[in-house]
file model-v9.pdb (PDB, C-alpha atoms)
ATOM      1  CA  MET A   1      73.431  37.939   0.865
ATOM      2  CA  ALA A   2      74.107  34.853   2.893
ATOM      3  CA  LYS A   3      71.769  36.183   5.507
ATOM      4  CA  PHE A   4      68.813  35.947   3.185
ATOM      5  CA  GLY A   5      69.762  32.633   1.614
ATOM      6  CA  LYS A   6      68.746  30.694   4.698
ATOM      7  CA  LYS A   7      65.163  31.828   4.518
ATOM      8  CA  GLY A   8      63.906  29.328   1.975
ATOM      9  CA  LYS A   9      64.909  26.323   4.028
ATOM     10  CA  LYS A  10      62.660  27.222   6.928
ATOM     11  CA  GLU A  11      59.676  24.860   7.293
ATOM     12  CA  ALA A  12      56.163  26.180   7.781
ATOM     13  CA  PRO A  13      54.911  25.312  11.267
ATOM     14  CA  GLY A  14      52.463  22.393  11.170
ATOM     15  CA  ILE A  15      48.872  23.139  12.089
ATOM     16  CA  THR A  16      47.748  20.813  14.781
ATOM     17  CA  THR A  17      44.677  18.860  13.716
ATOM     18  CA  ALA A  18      44.263  17.015  16.982
ATOM     19  CA  SER A  19      41.244  19.080  18.004
ATOM     20  CA  LEU A  20      39.444  18.658  14.684
ATOM     21  CA  PRO A  21      37.666  15.445  15.756
ATOM     22  CA  ASP A  22      36.337  17.274  18.773
ATOM     23  CA  ILE A  23      34.897  19.992  16.573
ATOM     24  CA  VAL A  24      33.268  17.455  14.270
ATOM     25  CA  PHE A  25      31.839  15.480  17.181
ATOM     26  CA  MET A  26      30.480  18.672  18.639
ATOM     27  CA  LEU A  27      28.718  19.373  15.332
ATOM     28  CA  LEU A  28      27.380  15.830  15.281
ATOM     29  CA  CYS A  29      26.077  16.133  18.838
ATOM     30  CA  PHE A  30      24.549  19.530  18.095
ATOM     31  CA  PHE A  31      22.550  18.188  15.168
ATOM     32  CA  MET A  32      21.518  15.082  17.062
ATOM     33  CA  VAL A  33      20.147  17.197  19.886
ATOM     34  CA  VAL A  34      18.507  19.818  17.719
ATOM     35  CA  THR A  35      16.809  17.499  15.223
ATOM     36  CA  LYS A  36      13.226  16.946  16.236
ATOM     37  CA  MET A  37      11.700  13.837  14.797
ATOM     38  CA  ARG A  38       8.116  13.862  15.930
ATOM     39  CA  ASP A  39       6.300  16.310  18.132
ATOM     40  CA  ALA A  40       3.810  13.995  19.775
ATOM     41  CA  GLU A  41       4.343  10.742  21.553
ATOM     42  CA  LEU A  42       2.150   8.038  20.126
ATOM     43  CA  LYS A  43      -0.092   6.552  22.763
ATOM     44  CA  VAL A  44      -2.034   4.400  20.364
ATOM     45  CA  LYS A  45      -0.985   1.429  18.307
ATOM     46  CA  ILE A  46      -1.134   2.291  14.642
ATOM     47  CA  SER A  47      -0.239   0.317  11.611
ATOM     48  CA  VAL A  48      -1.511   2.279   8.655
ATOM     49  CA  PRO A  49      -2.938   0.491   5.634
ATOM     50  CA  THR A  50      -1.312   0.460   2.240
ATOM     51  CA  ALA A  51      -2.451   2.516  -0.715
ATOM     52  CA  THR A  52      -1.072   3.555  -4.067
ATOM     53  CA  GLU A  53      -2.556   6.944  -4.938
ATOM     54  CA  LEU A  54      -0.585   8.911  -2.390
ATOM     55  CA  GLN A  55       0.487  12.499  -2.324
ATOM     56  CA  LYS A  56       3.204  13.854  -0.085
ATOM     57  CA  LEU A  57       2.337  16.304   2.645
ATOM     58  CA  GLU A  58       4.642  19.167   1.899
ATOM     59  CA  LYS A  59       4.554  21.822   4.579
ATOM     60  CA  LYS A  60       5.009  20.195   7.955
ATOM     61  CA  SER A  61       3.852  23.265   9.836
ATOM     62  CA  LEU A  62       0.496  23.231   8.043
ATOM     63  CA  VAL A  63      -0.276  19.657   8.991
ATOM     64  CA  SER A  64      -2.180  18.710  12.135
ATOM     65  CA  HIS A  65      -2.060  15.090  13.148
ATOM     66  CA  ILE A  66      -5.010  13.140  14.425
ATOM     67  CA  TYR A  67      -4.333   9.593  15.572
ATOM     68  CA  ILE A  68      -6.889   6.827  15.965
ATOM     69  CA  GLY A  69      -6.082   3.369  17.271
ATOM     70  CA  GLN A  70      -6.024   1.070  20.250
ATOM     71  CA  PRO A  71      -4.279   2.523  23.291
ATOM     72  CA  VAL A  72      -0.866   0.959  23.929
ATOM     73  CA  PRO A  73      -0.781  -1.528  26.846
ATOM     74  CA  SER A  74       0.449   0.996  29.404
ATOM     75  CA  TYR A  75      -2.562   3.219  28.760
ATOM     76  CA  ALA A  76      -5.061   0.452  28.166
ATOM     77  CA  GLU A  77      -5.752   0.109  31.903
ATOM     78  CA  VAL A  78      -7.083   3.632  32.090
ATOM     79  CA  TYR A  79      -8.609   4.093  28.666
ATOM     80  CA  GLY A  80      -9.667   0.563  27.807
ATOM     81  CA  SER A  81      -8.873  -1.376  24.677
ATOM     82  CA  ALA A  82     -11.455   0.217  22.396
ATOM     83  CA  PRO A  83     -10.018   2.496  19.683
ATOM     84  CA  ARG A  84      -9.456   6.049  20.850
ATOM     85  CA  VAL A  85      -8.711   9.364  19.236
ATOM     86  CA  GLN A  86      -5.463  11.052  20.171
ATOM     87  CA  LEU A  87      -4.923  14.757  19.555
ATOM     88  CA  ASN A  88      -1.403  15.989  20.288
ATOM     89  CA  ASP A  89      -0.451  14.248  23.521
ATOM     90  CA  ALA A  90      -3.880  13.638  24.975
ATOM     91  CA  PHE A  91      -6.674  11.191  24.412
ATOM     92  CA  VAL A  92     -10.166  12.367  23.679
ATOM     93  CA  TYR A  93     -11.742  11.064  26.822
ATOM     94  CA  PRO A  94     -14.574  10.481  27.438
ATOM     95  CA  PRO A  95     -15.408   9.914  23.745
ATOM     96  CA  ALA A  96     -18.419  12.200  24.019
ATOM     97  CA  SER A  97     -16.169  15.240  24.264
ATOM     98  CA  LEU A  98     -14.857  14.640  20.747
ATOM     99  CA  GLU A  99     -16.561  17.659  19.228
ATOM    100  CA  ALA A 100     -15.339  20.136  21.845
ATOM    101  CA  ASP A 101     -11.854  18.657  21.914
ATOM    102  CA  LEU A 102     -11.511  18.708  18.136
ATOM    103  CA  ARG A 103     -12.712  22.285  18.003
ATOM    104  CA  GLU A 104     -10.175  23.333  20.619
ATOM    105  CA  PHE A 105      -7.402  21.351  18.925
ATOM    106  CA  ILE A 106      -8.029  22.897  15.531
ATOM    107  CA  GLN A 107      -8.302  26.359  17.059
ATOM    108  CA  ASN A 108      -4.949  25.885  18.788
ATOM    109  CA  GLU A 109      -3.377  24.736  15.550
ATOM    110  CA  LYS A 110      -4.811  27.738  13.742
ATOM    111  CA  ASP A 111      -3.543  30.162  16.376
ATOM    112  CA  LYS A 112       0.004  28.995  15.723
ATOM    113  CA  LEU A 113      -0.194  30.158  12.130
ATOM    114  CA  ASP A 114      -0.750  33.277  10.151
ATOM    115  CA  PRO A 115      -4.437  33.659   9.170
ATOM    116  CA  ARG A 116      -3.454  33.710   5.524
ATOM    117  CA  GLN A 117      -2.171  30.172   5.847
ATOM    118  CA  HIS A 118      -5.383  28.790   7.318
ATOM    119  CA  PRO A 119      -6.921  27.647   4.002
ATOM    120  CA  ALA A 120      -3.884  25.500   3.271
ATOM    121  CA  MET A 121      -4.043  23.596   6.528
ATOM    122  CA  THR A 122      -4.530  19.851   6.354
ATOM    123  CA  ALA A 123      -5.546  17.306   8.946
ATOM    124  CA  ALA A 124      -3.467  14.175   8.637
ATOM    125  CA  LEU A 125      -5.504  11.227   9.825
ATOM    126  CA  LYS A 126      -3.239   8.463  10.989
ATOM    127  CA  ILE A 127      -5.567   5.569  11.588
ATOM    128  CA  ASP A 128      -4.937   1.937  12.353
ATOM    129  CA  GLY A 129      -6.159  -0.388   9.622
ATOM    130  CA  LYS A 130      -8.244  -2.482  11.996
ATOM    131  CA  VAL A 131     -10.246   0.442  13.377
ATOM    132  CA  LYS A 132     -13.926   0.388  12.500
ATOM    133  CA  MET A 133     -15.332   3.197  10.413
ATOM    134  CA  GLY A 134     -17.748   4.399  13.112
ATOM    135  CA  ILE A 135     -15.159   6.405  15.023
ATOM    136  CA  VAL A 136     -13.536   7.626  11.806
ATOM    137  CA  THR A 137     -16.866   8.911  10.567
ATOM    138  CA  ASP A 138     -17.400  10.735  13.862
ATOM    139  CA  VAL A 139     -14.107  12.539  13.441
ATOM    140  CA  LYS A 140     -14.889  13.341   9.821
ATOM    141  CA  ARG A 141     -18.314  14.676  10.659
ATOM    142  CA  ASN A 142     -16.955  16.900  13.397
ATOM    143  CA  LEU A 143     -14.232  18.236  11.146
ATOM    144  CA  ARG A 144     -16.891  19.134   8.608
ATOM    145  CA  LYS A 145     -18.901  20.849  11.333
ATOM    146  CA  ILE A 146     -16.074  23.229  12.065
ATOM    147  CA  ASN A 147     -15.468  23.634   8.362
ATOM    148  CA  PHE A 148     -12.032  22.064   8.385
ATOM    149  CA  ARG A 149     -12.369  19.999   5.285
ATOM    150  CA  LYS A 150      -8.891  19.240   3.993
ATOM    151  CA  VAL A 151      -7.849  15.852   5.223
ATOM    152  CA  SER A 152      -5.316  13.283   4.212
ATOM    153  CA  TYR A 153      -5.529   9.614   5.067
ATOM    154  CA  LEU A 154      -1.979   8.610   5.854
ATOM    155  CA  ALA A 155      -0.917   5.311   4.338
ATOM    156  CA  ASN A 156       2.132   3.340   3.364
ATOM    157  CA  ASP A 157       3.150   3.575  -0.246
ATOM    158  CA  GLY A 158       2.225   0.319  -1.911
ATOM    159  CA  SER A 159       3.172   1.326  -5.441
ATOM    160  CA  LYS A 160       6.866   0.600  -4.950
ATOM    161  CA  THR A 161       6.366  -3.081  -4.259
ATOM    162  CA  GLU A 162       4.191  -3.730  -7.275
TER     163      GLU A 162
ATOM    164  CA  MET B   1      62.454   0.140  31.282
ATOM    165  CA  ALA B   2      60.589   2.738  33.252
ATOM    166  CA  ASN B   3      61.681   5.727  31.300
ATOM    167  CA  ARG B   4      60.818   4.285  27.919
ATOM    168  CA  LYS B   5      58.509   6.684  26.093
ATOM    169  CA  ILE B   6      55.108   5.561  24.869
ATOM    170  CA  PRO B   7      54.877   6.393  21.179
ATOM    171  CA  GLU B   8      52.288   9.034  20.423
ATOM    172  CA  ILE B   9      49.226   7.960  18.481
ATOM    173  CA  ASN B  10      48.637  10.038  15.419
ATOM    174  CA  ALA B  11      45.242  11.670  15.844
ATOM    175  CA  GLY B  12      45.269  13.388  12.499
ATOM    176  CA  SER B  13      42.969  10.875  10.863
ATOM    177  CA  MET B  14      40.408  10.972  13.667
ATOM    178  CA  ALA B  15      38.739  13.877  11.917
ATOM    179  CA  ASP B  16      38.343  11.810   8.781
ATOM    180  CA  ILE B  17      36.775   8.995  10.745
ATOM    181  CA  ALA B  18      34.369  11.391  12.432
ATOM    182  CA  PHE B  19      33.439  12.976   9.117
ATOM    183  CA  LEU B  20      32.876   9.577   7.625
ATOM    184  CA  LEU B  21      30.472   8.749  10.441
ATOM    185  CA  LEU B  22      28.703  12.069  10.039
ATOM    186  CA  VAL B  23      28.271  11.591   6.304
ATOM    187  CA  PHE B  24      27.132   8.003   6.747
ATOM    188  CA  PHE B  25      24.372   9.015   9.143
ATOM    189  CA  LEU B  26      23.387  11.980   7.017
ATOM    190  CA  VAL B  27      22.933   9.733   4.024
ATOM    191  CA  THR B  28      21.185   6.825   5.705
ATOM    192  CA  THR B  29      18.786   8.806   7.878
ATOM    193  CA  THR B  30      15.529   9.397   6.120
ATOM    194  CA  ILE B  31      13.372  11.744   8.070
ATOM    195  CA  GLN B  32       9.978  10.213   7.719
ATOM    196  CA  THR B  33       7.842  12.178   5.330
ATOM    197  CA  ASP B  34       4.184  11.482   5.611
ATOM    198  CA  SER B  35       2.209  10.752   2.521
ATOM    199  CA  GLY B  36      -1.463  10.113   2.301
ATOM    200  CA  LEU B  37      -4.608  10.087   0.264
ATOM    201  CA  ARG B  38      -5.775  13.675   0.046
ATOM    202  CA  VAL B  39      -9.497  14.235   0.323
ATOM    203  CA  LEU B  40     -11.646  17.328   0.518
ATOM    204  CA  LEU B  41     -14.608  16.628   2.783
ATOM    205  CA  PRO B  42     -17.987  17.998   1.768
ATOM    206  CA  PRO B  43     -19.393  20.954   3.697
ATOM    207  CA  TYR B  44     -21.444  20.076   6.721
ATOM    208  CA  VAL B  45     -25.190  19.886   6.294
ATOM    209  CA  PRO B  46     -27.345  19.326   9.388
ATOM    210  CA  GLU B  47     -28.891  15.898   9.396
ATOM    211  CA  ASP B  48     -32.468  17.156   9.453
ATOM    212  CA  GLN B  49     -32.187  18.890   6.088
ATOM    213  CA  PRO B  50     -31.317  16.244   3.559
ATOM    214  CA  VAL B  51     -30.062  17.459   0.237
ATOM    215  CA  GLU B  52     -32.267  16.471  -2.637
ATOM    216  CA  ILE B  53     -30.345  15.616  -5.700
ATOM    217  CA  ASP B  54     -32.040  14.614  -8.866
ATOM    218  CA  VAL B  55     -29.828  12.363 -10.884
ATOM    219  CA  GLN B  56     -30.544   9.612 -13.301
ATOM    220  CA  LYS B  57     -29.871   6.161 -12.020
ATOM    221  CA  ARG B  58     -27.491   5.375 -14.822
ATOM    222  CA  ASN B  59     -25.207   8.191 -13.750
ATOM    223  CA  VAL B  60     -24.695   6.855 -10.255
ATOM    224  CA  LEU B  61     -22.234   4.149  -9.356
ATOM    225  CA  ALA B  62     -23.346   2.897  -5.975
ATOM    226  CA  VAL B  63     -20.476   1.293  -4.107
ATOM    227  CA  GLN B  64     -21.344  -0.272  -0.774
ATOM    228  CA  VAL B  65     -19.162  -1.919   1.810
ATOM    229  CA  ASN B  66     -20.767  -3.812   4.659
ATOM    230  CA  ALA B  67     -19.613  -4.580   8.177
ATOM    231  CA  ARG B  68     -17.971  -7.780   6.994
ATOM    232  CA  ASP B  69     -15.861  -5.868   4.481
ATOM    233  CA  GLN B  70     -17.744  -7.211   1.505
ATOM    234  CA  LEU B  71     -18.056  -5.056  -1.562
ATOM    235  CA  LEU B  72     -21.306  -4.487  -3.395
ATOM    236  CA  VAL B  73     -21.295  -2.500  -6.602
ATOM    237  CA  ARG B  74     -24.653  -1.726  -8.150
ATOM    238  CA  ASP B  75     -26.188  -4.577  -6.160
ATOM    239  CA  ASN B  76     -23.652  -7.070  -7.435
ATOM    240  CA  ILE B  77     -20.934  -8.585  -5.324
ATOM    241  CA  MET B  78     -17.578  -7.604  -6.722
ATOM    242  CA  LYS B  79     -13.953  -8.292  -5.910
ATOM    243  CA  ILE B  80     -11.897  -5.251  -5.091
ATOM    244  CA  GLU B  81      -9.448  -6.080  -7.868
ATOM    245  CA  ASP B  82     -12.179  -5.485 -10.455
ATOM    246  CA  LEU B  83     -13.421  -2.210  -9.015
ATOM    247  CA  ARG B  84     -10.894   0.041 -10.728
ATOM    248  CA  GLU B  85     -11.611  -1.288 -14.212
ATOM    249  CA  TYR B  86     -15.373  -1.198 -13.664
ATOM    250  CA  THR B  87     -15.219   2.392 -12.447
ATOM    251  CA  LYS B  88     -13.250   3.448 -15.496
ATOM    252  CA  VAL B  89     -15.778   1.792 -17.773
ATOM    253  CA  PHE B  90     -18.604   3.412 -15.834
ATOM    254  CA  ILE B  91     -17.155   6.903 -16.195
ATOM    255  CA  THR B  92     -16.086   6.894 -19.813
ATOM    256  CA  SER B  93     -17.858   4.243 -21.827
ATOM    257  CA  GLY B  94     -21.206   6.030 -22.241
ATOM    258  CA  ARG B  95     -22.980   2.703 -22.540
ATOM    259  CA  PRO B  96     -26.729   2.795 -21.869
ATOM    260  CA  ASP B  97     -26.328   1.372 -18.386
ATOM    261  CA  MET B  98     -23.271   3.458 -17.552
ATOM    262  CA  ALA B  99     -22.762   7.185 -17.041
ATOM    263  CA  LYS B 100     -23.925   9.346 -19.908
ATOM    264  CA  SER B 101     -20.710  11.358 -19.868
ATOM    265  CA  PRO B 102     -17.774  11.696 -17.493
ATOM    266  CA  LYS B 103     -19.114  15.065 -16.377
ATOM    267  CA  GLN B 104     -22.332  13.507 -15.153
ATOM    268  CA  ALA B 105     -20.811  10.511 -13.462
ATOM    269  CA  ILE B 106     -21.204  10.262  -9.720
ATOM    270  CA  VAL B 107     -19.518   7.653  -7.625
ATOM    271  CA  SER B 108     -21.374   7.123  -4.394
ATOM    272  CA  LEU B 109     -19.583   5.385  -1.571
ATOM    273  CA  LEU B 110     -21.582   4.004   1.316
ATOM    274  CA  ASN B 111     -19.966   2.179   4.174
ATOM    275  CA  ASP B 112     -21.130   0.657   7.395
ATOM    276  CA  ASN B 113     -19.992   1.754  10.824
ATOM    277  CA  GLY B 114     -18.536  -1.708  11.229
ATOM    278  CA  THR B 115     -16.438  -1.560   8.070
ATOM    279  CA  SER B 116     -12.736  -1.683   8.813
ATOM    280  CA  TYR B 117     -10.735   1.394   7.968
ATOM    281  CA  LYS B 118      -8.357  -0.730   5.937
ATOM    282  CA  MET B 119     -11.146  -1.896   3.632
ATOM    283  CA  TYR B 120     -12.589   1.582   3.348
ATOM    284  CA  LEU B 121      -9.247   3.039   2.386
ATOM    285  CA  SER B 122      -8.512   0.388  -0.187
ATOM    286  CA  VAL B 123     -11.905   0.937  -1.822
ATOM    287  CA  TYR B 124     -11.347   4.684  -1.802
ATOM    288  CA  ASN B 125      -7.885   4.114  -3.183
ATOM    289  CA  GLU B 126      -9.238   2.067  -6.083
ATOM    290  CA  LEU B 127     -11.802   4.737  -6.953
ATOM    291  CA  ARG B 128      -9.119   7.402  -6.879
ATOM    292  CA  ALA B 129      -6.834   5.214  -8.945
ATOM    293  CA  ALA B 130      -9.534   4.916 -11.605
ATOM    294  CA  TYR B 131      -9.775   8.702 -11.838
ATOM    295  CA  ASN B 132      -6.005   9.128 -11.822
ATOM    296  CA  GLU B 133      -5.654   6.658 -14.671
ATOM    297  CA  LEU B 134      -8.351   8.405 -16.665
ATOM    298  CA  TRP B 135      -6.669  11.763 -16.143
ATOM    299  CA  GLU B 136      -3.398  10.249 -17.227
ATOM    300  CA  ASP B 137      -4.997   8.875 -20.415
ATOM    301  CA  ARG B 138      -6.654  12.180 -21.151
ATOM    302  CA  ALA B 139      -3.426  14.081 -20.602
ATOM    303  CA  GLN B 140      -1.600  11.778 -23.005
ATOM    304  CA  ASN B 141      -4.399  12.165 -25.542
ATOM    305  CA  ASP B 142      -4.855  15.930 -25.410
ATOM    306  CA  PHE B 143      -1.381  17.153 -24.595
ATOM    307  CA  GLY B 144       0.866  14.203 -25.371
ATOM    308  CA  ARG B 145       2.477  14.435 -21.965
ATOM    309  CA  ALA B 146       2.099  12.801 -18.585
ATOM    310  CA  TYR B 147      -0.447  14.362 -16.267
ATOM    311  CA  ASP B 148       2.238  15.278 -13.770
ATOM    312  CA  ALA B 149       4.174  17.118 -16.461
ATOM    313  CA  LEU B 150       1.264  19.399 -17.354
ATOM    314  CA  SER B 151       0.968  22.953 -16.125
ATOM    315  CA  LYS B 152      -1.534  23.818 -13.404
ATOM    316  CA  GLN B 153      -4.017  25.163 -15.937
ATOM    317  CA  GLU B 154      -3.755  22.166 -18.206
ATOM    318  CA  GLN B 155      -4.271  19.862 -15.254
ATOM    319  CA  LYS B 156      -7.351  21.834 -14.321
ATOM    320  CA  LYS B 157      -8.643  21.472 -17.859
ATOM    321  CA  VAL B 158      -8.215  17.721 -17.701
ATOM    322  CA  ARG B 159      -9.943  17.588 -14.346
ATOM    323  CA  GLU B 160     -12.824  19.618 -15.671
ATOM    324  CA  GLU B 161     -13.310  17.114 -18.465
ATOM    325  CA  ILE B 162     -13.439  14.265 -15.959
ATOM    326  CA  PRO B 163     -14.416  15.791 -12.636
ATOM    327  CA  LEU B 164     -13.710  13.795  -9.518
ATOM    328  CA  VAL B 165     -17.034  13.179  -7.836
ATOM    329  CA  ILE B 166     -16.936  10.689  -5.011
ATOM    330  CA  SER B 167     -19.849  11.295  -2.741
ATOM    331  CA  GLU B 168     -20.001   9.688   0.648
ATOM    332  CA  ALA B 169     -23.298   8.966   2.263
ATOM    333  CA  GLU B 170     -23.839   8.805   6.003
ATOM    334  CA  PRO B 171     -22.867   5.318   7.120
ATOM    335  CA  THR B 172     -25.380   2.682   8.015
ATOM    336  CA  GLY B 173     -25.448   0.648  11.200
ATOM    337  CA  ASN B 174     -24.914   1.871  14.701
TER     338      ASN B 174
END
call {"tool": "encode", "arguments": {"input": "model-v9.pdb", "output": "structure tokens"}}
result
Amino acid sequence: MAKFGKKGKKEAPGITTASLPDIVFMLLCFFMVVTKMRDAELKVKISVPTATELQKLEKKSLVSHIYIGQPVPSYAEVYGSAPRVQLNDAFVYPPASLEADLREFIQNEKDKLDPRQHPAMTAALKIDGKVKMGIVTDVKRNLRKINFRKVSYLANDGSKTE
Amino acid sequence: MANRKIPEINAGSMADIAFLLLVFFLVTTTIQTDSGLRVLLPPYVPEDQPVEIDVQKRNVLAVQVNARDQLLVRDNIMKIEDLREYTKVFITSGRPDMAKSPKQAIVSLLNDNGTSYKMYLSVYNELRAAYNELWEDRAQNDFGRAYDALSKQEQKKVREEIPLVISEAEPTGN
């Protein structure tokens, strides 16, 4: 009997938690590396105007971004200071190739998706507030030409500050 | 002196600190969600075949913005703050000089190539706001609920009562 009596006094071996921080930091690093914030580098200066009647763009994969604004200083030497259209990572240059470039851009975006999703695709126009309407109208007209009619004018939400 | 042991630092709470950091960043990071003014562009019509539309003058609200960002509504200079209210009156009042009924109302927006995008968007925003407010009123009237709380079909019904017609003409200027 005495043999068994000792058993209860034995302590459970402590689990070493020294490596736990390493595991957590690894997780942290993993998410920091994996998270992708934006797919295109902005080469134009854009400060979007403010509006109140906004709707959120839900499905990120269905949204194609078109940027219009002044080229940032490092690109201004090559492309000048007049507002330019940026599709993905490249400028539409010279401006006359807008129609062909837009067509190719939209086609590329469509190829990434299932044909059934095509009607839900939206073009997000991120345009600097100071840009004149001439270039915006050109983009709009060309989008209509290729029958890509769903657009969204990106803007800051002004309803919160009211 | 030399053989004195350095006391071990307890690393057990390091995990807590790391978790705290993780949670803090998770909470504070807001992945930027884009929001914008959604518009359906009209189908493309070649420039050499203009579309003839026969509408009464009273049913058209002509909104013009020039290259100096000045607003002209029905040939009168107007401040942008007044545009929303005027549009609402135009659509619903049925006065002899305004639209006969909401279903017949057409808002026509004409801008110049020199108009700034900021001005254009704020004008468009005001026109949209007028429609949104009218839909909201109608939803409260007919269903006693906010427009956003209605079902898809009920929303459609409201929108059929007051259809959104903002037509954009080809811009002037070069």
call {"tool": "resolve_selection", "arguments": {"input": "model-v9.pdb", "expression": "the PyMOL selection byres ((chain A) within 6 of (chain B))", "output": "list of chain:residue names"}}
result
A:Thr17, A:Ala18, A:Leu20, A:Pro21, A:Pro49, A:Leu54, A:Gln55, A:Lys56, A:Leu57, A:Gly129, A:Lys130, A:Val131, A:Lys132, A:Met133, A:Gly134, A:Arg144, A:Lys145, A:Arg149, A:Lys150, A:Val151, A:Ser152, A:Tyr153, A:Leu154, A:Ala155
call {"tool": "atom_distance", "arguments": {"input": "model-v9.pdb", "atom1": "atom CA of B:Phe143", "atom2": "atom CA of A:Ser159"}}
result
25.3 Å
call {"tool": "axis_aligned_box", "arguments": {"input": "model-v9.pdb", "around": "stretch 43-57 of chain A", "padding_each_side": "6 Å", "output": "AutoDock Vina command-line options"}}
result
--center_x 0.1 --center_y 8.3 --center_z 8.9 --size_x 18.1 --size_y 28.0 --size_z 39.7
call {"tool": "atom_distance", "arguments": {"input": "model-v9.pdb", "atom1": "atom CA of B:Pro102", "atom2": "atom CA of B:Ile162"}}
result
5.3 Å
call {"tool": "resolve_selection", "arguments": {"input": "model-v9.pdb", "expression": "the PyMOL selection byres ((chain B and resi 81-96) around 12)", "output": "PDB file with C-alpha atoms, in the frame of the given file"}}
result
ATOM      1  CA  GLN B  56     -30.544   9.612 -13.301  1.00  0.00           C
ATOM      2  CA  LYS B  57     -29.871   6.161 -12.020  1.00  0.00           C
ATOM      3  CA  ARG B  58     -27.491   5.375 -14.822  1.00  0.00           C
ATOM      4  CA  ASN B  59     -25.207   8.191 -13.750  1.00  0.00           C
ATOM      5  CA  VAL B  60     -24.695   6.855 -10.255  1.00  0.00           C
ATOM      6  CA  LEU B  61     -22.234   4.149  -9.356  1.00  0.00           C
ATOM      7  CA  ALA B  62     -23.346   2.897  -5.975  1.00  0.00           C
ATOM      8  CA  VAL B  63     -20.476   1.293  -4.107  1.00  0.00           C
ATOM      9  CA  GLN B  64     -21.344  -0.272  -0.774  1.00  0.00           C
ATOM     10  CA  LEU B  71     -18.056  -5.056  -1.562  1.00  0.00           C
ATOM     11  CA  LEU B  72     -21.306  -4.487  -3.395  1.00  0.00           C
ATOM     12  CA  VAL B  73     -21.295  -2.500  -6.602  1.00  0.00           C
ATOM     13  CA  ARG B  74     -24.653  -1.726  -8.150  1.00  0.00           C
ATOM     14  CA  ASN B  76     -23.652  -7.070  -7.435  1.00  0.00           C
ATOM     15  CA  ILE B  77     -20.934  -8.585  -5.324  1.00  0.00           C
ATOM     16  CA  MET B  78     -17.578  -7.604  -6.722  1.00  0.00           C
ATOM     17  CA  LYS B  79     -13.953  -8.292  -5.910  1.00  0.00           C
ATOM     18  CA  ILE B  80     -11.897  -5.251  -5.091  1.00  0.00           C
ATOM     19  CA  ASP B  97     -26.328   1.372 -18.386  1.00  0.00           C
ATOM     20  CA  MET B  98     -23.271   3.458 -17.552  1.00  0.00           C
ATOM     21  CA  ALA B  99     -22.762   7.185 -17.041  1.00  0.00           C
ATOM     22  CA  LYS B 100     -23.925   9.346 -19.908  1.00  0.00           C
ATOM     23  CA  SER B 101     -20.710  11.358 -19.868  1.00  0.00           C
ATOM     24  CA  PRO B 102     -17.774  11.696 -17.493  1.00  0.00           C
ATOM     25  CA  LYS B 103     -19.114  15.065 -16.377  1.00  0.00           C
ATOM     26  CA  GLN B 104     -22.332  13.507 -15.153  1.00  0.00           C
ATOM     27  CA  ALA B 105     -20.811  10.511 -13.462  1.00  0.00           C
ATOM     28  CA  ILE B 106     -21.204  10.262  -9.720  1.00  0.00           C
ATOM     29  CA  VAL B 107     -19.518   7.653  -7.625  1.00  0.00           C
ATOM     30  CA  SER B 108     -21.374   7.123  -4.394  1.00  0.00           C
ATOM     31  CA  SER B 122      -8.512   0.388  -0.187  1.00  0.00           C
ATOM     32  CA  VAL B 123     -11.905   0.937  -1.822  1.00  0.00           C
ATOM     33  CA  TYR B 124     -11.347   4.684  -1.802  1.00  0.00           C
ATOM     34  CA  ASN B 125      -7.885   4.114  -3.183  1.00  0.00           C
ATOM     35  CA  GLU B 126      -9.238   2.067  -6.083  1.00  0.00           C
ATOM     36  CA  LEU B 127     -11.802   4.737  -6.953  1.00  0.00           C
ATOM     37  CA  ARG B 128      -9.119   7.402  -6.879  1.00  0.00           C
ATOM     38  CA  ALA B 129      -6.834   5.214  -8.945  1.00  0.00           C
ATOM     39  CA  ALA B 130      -9.534   4.916 -11.605  1.00  0.00           C
ATOM     40  CA  TYR B 131      -9.775   8.702 -11.838  1.00  0.00           C
ATOM     41  CA  ASN B 132      -6.005   9.128 -11.822  1.00  0.00           C
ATOM     42  CA  GLU B 133      -5.654   6.658 -14.671  1.00  0.00           C
ATOM     43  CA  LEU B 134      -8.351   8.405 -16.665  1.00  0.00           C
ATOM     44  CA  TRP B 135      -6.669  11.763 -16.143  1.00  0.00           C
ATOM     45  CA  ASP B 137      -4.997   8.875 -20.415  1.00  0.00           C
ATOM     46  CA  ARG B 138      -6.654  12.180 -21.151  1.00  0.00           C
ATOM     47  CA  GLU B 161     -13.310  17.114 -18.465  1.00  0.00           C
ATOM     48  CA  ILE B 162     -13.439  14.265 -15.959  1.00  0.00           C
ATOM     49  CA  PRO B 163     -14.416  15.791 -12.636  1.00  0.00           C
ATOM     50  CA  LEU B 164     -13.710  13.795  -9.518  1.00  0.00           C
ATOM     51  CA  VAL B 165     -17.034  13.179  -7.836  1.00  0.00           C
ATOM     52  CA  ILE B 166     -16.936  10.689  -5.011  1.00  0.00           C
TER      53      ILE B 166
END
call {"tool": "atom_distance", "arguments": {"input": "model-v9.pdb", "atom1": "atom CA of A:Glu104", "atom2": "atom CA of A:Val72"}}
result
24.5 Å
call {"tool": "resolve_selection", "arguments": {"input": "model-v9.pdb", "expression": "the PyMOL selection byres ((chain A and resi 95-101) around 12)", "output": "PyMOL selection string"}}
result
chain A and resi 66+68+79-80+82-88+90-94+102-108+135-146
call {"tool": "closest_residue", "arguments": {"input": "model-v9.pdb", "among": "A:Pro115, A:Val63, A:Ala76, A:Gly158", "to": "A:Lys45", "atoms": "all atoms listed in the file"}}
result
A:Ala76
call {"tool": "closest_residue", "arguments": {"input": "model-v9.pdb", "among": "B:Asp54, B:Leu20, B:Asp75, B:Tyr147", "to": "A:Phe25", "atoms": "all atoms listed in the file"}}
result
B:Leu20
